[in-house]
Each structure stands twice: as structure tokens, then as C-alpha cells.
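The next block holds one structure in the form of C-alpha cells; read it before the comments.
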Amino acid sequence: MPSVHSLDLSNAGAEDGFSEYEDMSATYAPTGETTVKVGFNVLNTIIGSGIVCLPYALHNAGFVFGLIMLGVIAALSQFSLYALVVAGKRTNTAHFSSLTQVALGQPGYHFLNYSMVIDMVGTVVLYLMLVGDLVSALAKIYLPVVVSRSSVIMVISLIFVLPMLFFRNTGPLARLSIVSILCLPYIILAVAFRAPLYAGKKAMDFSLFGPRILPAMGVLAFTYSSCHAAFPNYLGLKDRSVKSWLRASSSASVGAGLISMAFAVTGFLAFGSKAEANVLNNFPPSDNYINLGRLLFAVTLILTTPMAFYPIRDTVTEMFHIDPERHGVSRVPESICTVVIFVACALAAAVFTDLGLAYELIGALSSSVVNFLLPSLIYIWAGTDVTLVAIIRRYGRISTTANASAADDAYDGQGNLNSQGEMPLLMRHKIKDPLGAQEIGLWLMAWVVAGFGMWVMVLGTYNIGRDL
């Protein structure tokens with residue numbers, strides 16, 4: 001199999017919309033996973049540590065507005081996943097940072113790389129923080145010896161997570177992702193059935209808007225983080241087509257939206273404004289059903305951490321030109337980079353403890369950029385031929401053609417009105433329409449996604465900083 005970054009992702013010359021991207025050349029005969037398995041990978045990427053913070057976010061956003069935004073952000077996130085692959089095929093690029101450079105130039109390239117590193121490092125640190133909290137709490141309950149949180153983080157990181165970080169892409173982890181996802185139903189059901197036992201003493205506020213909307217949007221942006229893994233998962237497909245990617249990613253987005261809503265609502269109804277950044281901390285340590293959920297969630301996070309780490313490695317190795325496939329160098333520098341970065345993440349997780357602030361700040365400062373702002377701008381500049389000028393020219397051309405055609409049909413060869421005495425209707429199907437409704441709709445959607453990303457990044461970060 002040739003280098004994944006050197007694959008010819010374009011198929012120039014097709015005439016309709018995105019059909020030129022549907023078929024890969026049989027020359028490459030890529031090996032990979034089915035859309036179902038890759039869909040589980042994407043779902044595993046989306047459903048990570050952010051899920052336990054959703055009741056907290058729902059309270060801060062407001063119950064009604066928060067639920068609406070959970071669905072809206074899921075849709076915006078799915079558009080970003082689609083837009084990146086479409087733009088990648090148009091530009092023959094299968095790497096997020098390289099695609100950003102092609103579409104947005106050097107400023108966009110550096111902006112993405114710095115945002116990506118902040119976002120993914122923060123995500124890995126959060127995952128390991130949660131693993132440390134969950135496992136150390138369980139150890140205190142069930143083990144006869146005292147185990148420190150920091151030692152738990154370092155042991156699990158080095159023994160269980162680090163060995164999964166040396167594959168070329170996330171394809172080989174697909175089966176582990178399925179195991180991870182299968183743990184989630186029990187966690188959600190445990191919260192759903194056990195939370196009512198502890199409810200009733202907390203005041204419920206079902207207001208339209210909550211007290212801290214913008215920080216809550218940062219949490220939701222973090223929860224749906226998935227664009228960092230778009231190309232690794234796309235390249236893990238056996239059928240590398242837009243249709244297959246759309247099936248895999250959209251099924252994952254719908255599943256993530258349903259899971260997130262269920263978890264957010266059940267946690268909010270039980271604990272209301274008292275919901276912690278990790279809602280499992282609201283339950284007493286004597287609840288064995290919840291303790292099993294804590295254990296399964298720790299397993300889920302351990303298996304999900306590699307999905308968040310691979311984009312860090314890819315970005316850093318690209319920045320330093322030590323990617324073995326793109327730059328033809330030995331894999332030794334890449335392996336050293338992997339170990340150094342991951343150990344640094346583990347050490348940071350062992351030191352920091354404030355989950356709520358970390359969720360909000362990472363979501364607003366970087367997740368909004370990586371998952372919404374830049375993918376939409378990439379699509380606008382490189383994923384479509386639609387521009388405002390093209391739209392104006394289109395309607396101007398139709399108007400001009402309509403007037404000329406109508407004038408010709410209204411008069412006979414001697415310049416007299418025809419026998420009908422009126423201007424005939426224009427047959428619109430005779431006029432070539434270079435910009436279809438689908439293309440214009442996707443272009444407008446891209447601007448909506450970009451606006452959301454900018455709103456959360458600027459105002460969200462400002463509000464969080466003001467609250468510190």
C-alpha cells in the first residue's frame with residue numbers, strides 16, 4: 001500500500017457536483033475497515049470525557065437552550081467532518097494541516113497547528129485526569145492499600161495507553177473502539193436509573209437560558225471534537241469515497257447526539273445546579289452500580305485516548321518535518337516524539353485537578369477553532385466553487401438571458417409584436433445553471449459554522465477569562 005499522504009485523492013474532469021470524488025482508482029486498492037467499524041471509531045472519538053460534563057453544561061446554558069444547542073452543534077460538527085474530506089479530495093490532500101495550508105496559506109496553517117496542539121493536548125490531559133480520578137476513587141473503596149491519583153495516572157498511561165500510540169493510523173484500533181462504545185450504554189443506563197434515587201433535594205431550573213451560556217458553549221464544542229481525527233479515520237476506510245465517509249461520520253454524529261442528550265438530561269434532572277464537571281462525582285462511593293460505571297468509563301477513556309493523541313503526533317511531526325511517510329525519514333524521530341509528548345501529557349494530568357475550567361477553556365479557546373471555524377473556512381476557500389461574486393453573476397446572467405430571450409420571442413422578424421401580443425414565459429430549463437441549490441446551501445452552511453466557531457472562540461474565551 002502506498003503512502004496514505006501520497007494517494008491521488010482527486011478525479012478531475014467529472015461534471016456534476018461532487019461525483020468526481022466518489023471513486024478511487026483501483027490502482028491503489030486500499031485496505032481498510034468497513035464503514036460500520038470506522039463509524040464506531042468516529043463515535044468513539046466524539047464520545048469521550050466531555051460526556052460526563054454535559055449535565056454541568058446544560059445547567060449553565062439553560063435547559064431549553066442547552067438541549068437545542070446539543071442538536072445544533074452535532075449537525076455543525078457533522079458538516080465539518082464532511083467538508084474536510086470534500087476539500088481534501090478537491091486539493092489532493094489527506095492531511096488536516098497540509099489542507100489548511102493549501103486553502104488558507106501559511107497564517108491558517110500555523111493557526112491550525114497551534115490550535116490543534118492546544119486542543120488535543122488538553123483533551124489527552126483531560127482523559128488522563130478523569131482516568132486518575134475514577135481509578136483512584138475505586139482503589140480507595142475496594143483495595144486494602146492507599147493508591148495515589150498521580151501514580152495511577154502514570155502507571156495506566158505507560159503500561160496501557162502508550163503501546164497503542166505507534167500505529168500509522170487509527171484503523172487497527174477499530175475493534176478496541178467497538179469495545180469502548182459498548183461500555184457506554186451501561187454507564188448511561190446506570191446514571192439514568194440510579195440518579196433518581198438521589199434526586200428530589202436539588203432545585204430544578206428549566207429556564208430558557210442559563211447563567212453562563214458562552215462557557216457552556218465551550219464545553220459543548222469540546223464534547224463534539226472530532227475533526228482532528230477526520231483524515232485518520234477516512235484513510236482507515238476500505239472504500240475511500242465521500243459516500244462511505246458520509247455514512248460513517250453521519251451515523252456517528254447521530255449516535256453521539258442521542259447519547260449526549262440522554263446523558264445530559266438524566267444528569268440534569270437528578271442534580272440540577274449541583275451537577276459537577278464529572279457528574280459521576282455526584283454519586284456516593286457506596287453505590288456499586290455506579291462504581292461499575294466508573295470502571296467502565298475509565299476503560300472507555302483509556303481506549304479513547306489514542307484517538308485524541310494521533311492528531312497531536314501527526315501535527316507535531318509535520319511541523320518539524322519528521323513524518324516518515326511525508327518526508328521519507330526514519331520512524332525513530334517520530335517514535336521519540338510520541339513518547340516525549342505523551343509523557344508530558346501524563347505528567348500534566350497528574351498535577352492539574354480542575355476539570356470544569358479545563359473543559360470550558362479548551363473548548364472555547366481551541367476546540368471551536370479546530371472543529372468549526374477552520375473546517376468551514378477551508379470548505380469555503382477550497383471545497384466549493386461557490387462565491388458571492390459567482391452567485392451575483394449567476395442571477396445577473398439569468399436575468400440578462402431572460403430579457404434577451406423574451407425580447408426575441410416577443411417580436412417577429414420585422415420587429416412587430418407576435419400574434420399573442422405579450423411577452424412569452426422564459427423556459428428556465430434552457431438556461432445553464434452552473435451553481436445548484438445544493439452547492440449554494442452547503443456554502444451558506446459553511447458560513448454559519450464559521451460564525452459559530454468565531455462566536456464561541458472570541459466571546460467564550462473572553463467570558464471565561466473574565467470569570468477567573
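In the C-alpha cells, each chain is lettered A, B, ... as it comes, each chain's residues begin at 1, and ligands are numbered from 1 in order of appearance.
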Polymer residues at most 10 Å from Ser249 in chain A, only C-alpha atoms, same-chain spacing of 4 or more positions, as a ChimeraX atom specification:
/A:35-36,38-43,77-79,81-82,226,230,233-234,243-245,253-255
May I have the residues within 12 Å of Pro172 in chain A as a ChimeraX atom specification, using only C-alpha atoms and disregarding those fewer than 2 positions away in the same chain?
/A:31-33,37-38,41,164-170,174-178,232-233,235-237,306-307
Just want the 9 Å neighbourhood of Gly88 in chain A, counted on only C-alpha atoms, with same-chain residues fewer than 4 positions away dropped. Output as a list in words.
Leu9, Ser10, Ala83, Leu84, Asn92, Thr93, Ala94, His95, Phe96, Leu99, Phe231, Ala382 and Gly383 of chain A
Excluding Phe372 in chain A and any residue of its chain fewer than 5 positions from it, enumerate the residues within 6 Å of it, using only C-alpha atoms, and give them as a ChimeraX atom specification.
/A:449-450,453
Go ahead and write the selection's residues with C-alpha atoms as an mmCIF file, in the first residue's frame.
```cif
data_model
loop_
_atom_site.group_PDB
_atom_site.id
_atom_site.type_symbol
_atom_site.label_atom_id
_atom_site.label_comp_id
_atom_site.auth_asym_id
_atom_site.auth_seq_id
_atom_site.Cartn_x
_atom_site.Cartn_y
_atom_site.Cartn_z
ATOM 1 C CA VAL A 449 -20.434 27.080 11.030
ATOM 2 C CA ALA A 450 -17.654 29.668 10.735
ATOM 3 C CA GLY A 453 -16.805 28.955 15.755
#
```
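Take the candidates A:Ser150, A:Phe342, A:Arg331, A:Tyr186 and check each one against Gly293 in chain A using only C-alpha atoms; the shortest distance goes to A:Tyr186.
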So that I can check the surroundings of Trp455 in chain A, please list as a list of chain:residue names every protein, DNA and RNA residue that reaches within 10 Å of it, counting only C-alpha atoms and ignoring chain neighbours fewer than 2 positions away.
A:Leu214, A:Met217, A:Ala364, A:Ser368, A:Leu373, A:Val449, A:Ala450, A:Gly451, A:Phe452, A:Gly453, A:Met457, A:Val458, A:Leu459, A:Gly460, A:Thr461
The selected residues should be written to file as a PDB file, in the first residue's frame (atoms: C-alpha atoms).
```
ATOM      1  CA  LEU A 214     -20.759  31.071  26.460  1.00  0.00           C
ATOM      2  CA  MET A 217     -20.880  26.503  24.522  1.00  0.00           C
ATOM      3  CA  ALA A 364     -13.687  27.868  23.777  1.00  0.00           C
ATOM      4  CA  SER A 368     -14.077  25.974  18.437  1.00  0.00           C
ATOM      5  CA  LEU A 373     -14.007  27.799  12.342  1.00  0.00           C
ATOM      6  CA  VAL A 449     -20.434  27.080  11.030  1.00  0.00           C
ATOM      7  CA  ALA A 450     -17.654  29.668  10.735  1.00  0.00           C
ATOM      8  CA  GLY A 451     -19.776  32.233  12.561  1.00  0.00           C
ATOM      9  CA  PHE A 452     -20.489  29.798  15.387  1.00  0.00           C
ATOM     10  CA  GLY A 453     -16.805  28.955  15.755  1.00  0.00           C
ATOM     11  CA  MET A 457     -13.784  31.346  20.392  1.00  0.00           C
ATOM     12  CA  VAL A 458     -13.826  35.116  20.930  1.00  0.00           C
ATOM     13  CA  LEU A 459     -16.679  35.708  23.353  1.00  0.00           C
ATOM     14  CA  GLY A 460     -16.390  32.364  25.130  1.00  0.00           C
ATOM     15  CA  THR A 461     -12.702  32.758  25.867  1.00  0.00           C
TER      16      THR A 461
END
```
Which residue gives the smallest distance to Ala308 in chain A among A:Gly62, A:Gly50, A:Gly122, A:Pro211, with only C-alpha atoms counted?
A:Gly122
Listing only residues of range 234-280 of chain A within 12 Å of range 132-140 of chain A, what is the closest atom pair and its distance in Å (to one decimal) for each, using only C-alpha atoms, sorted by chain and residue number ascending, as a tab-separated table?
```
residue	atom	partner	partner_atom	distance
A:Asn278	CA	A:Asp133	CA	9.7
A:Val279	CA	A:Leu134	CA	11.6
A:Leu280	CA	A:Leu134	CA	8.8
```
Give me the residues near Val64 in chain A as a count of residues only, where near means some atom within 8 Å (using only C-alpha atoms) and where sequence neighbours in that chain fewer than 5 positions away do not count.
4
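Rounded to one decimal, CA of Pro324 in chain A and CA of Cys337 in chain A lie 12.1 Å from each other.
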List as JSON, numbers by chain the protein and nucleic acid residues near Pro284 in chain A, meaning an atom at most 12 Å away when only C-alpha atoms are counted, but skip any in the same chain fewer than 4 places from it.
{"A": [137, 138, 141, 194, 195, 197, 198, 279, 280, 288, 289, 290, 291, 294]}
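In terms of minimum interatomic distance to Ala262 in chain A, A:Ile187 ranks closest within A:Leu126, A:Ile187, A:Val102, A:Leu347, counting only C-alpha atoms.
Between Ser366 in chain A and the residues A:Pro311, A:Gly465, A:Gly218, A:Pro333, the shortest atom-to-atom distance, using only C-alpha atoms, involves A:Gly218.
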For Ala57 in chain A, which residue out of A:Gln101, A:Thr223, A:Ser151, A:Thr338 is the nearest one, using only C-alpha atoms?
A:Thr223
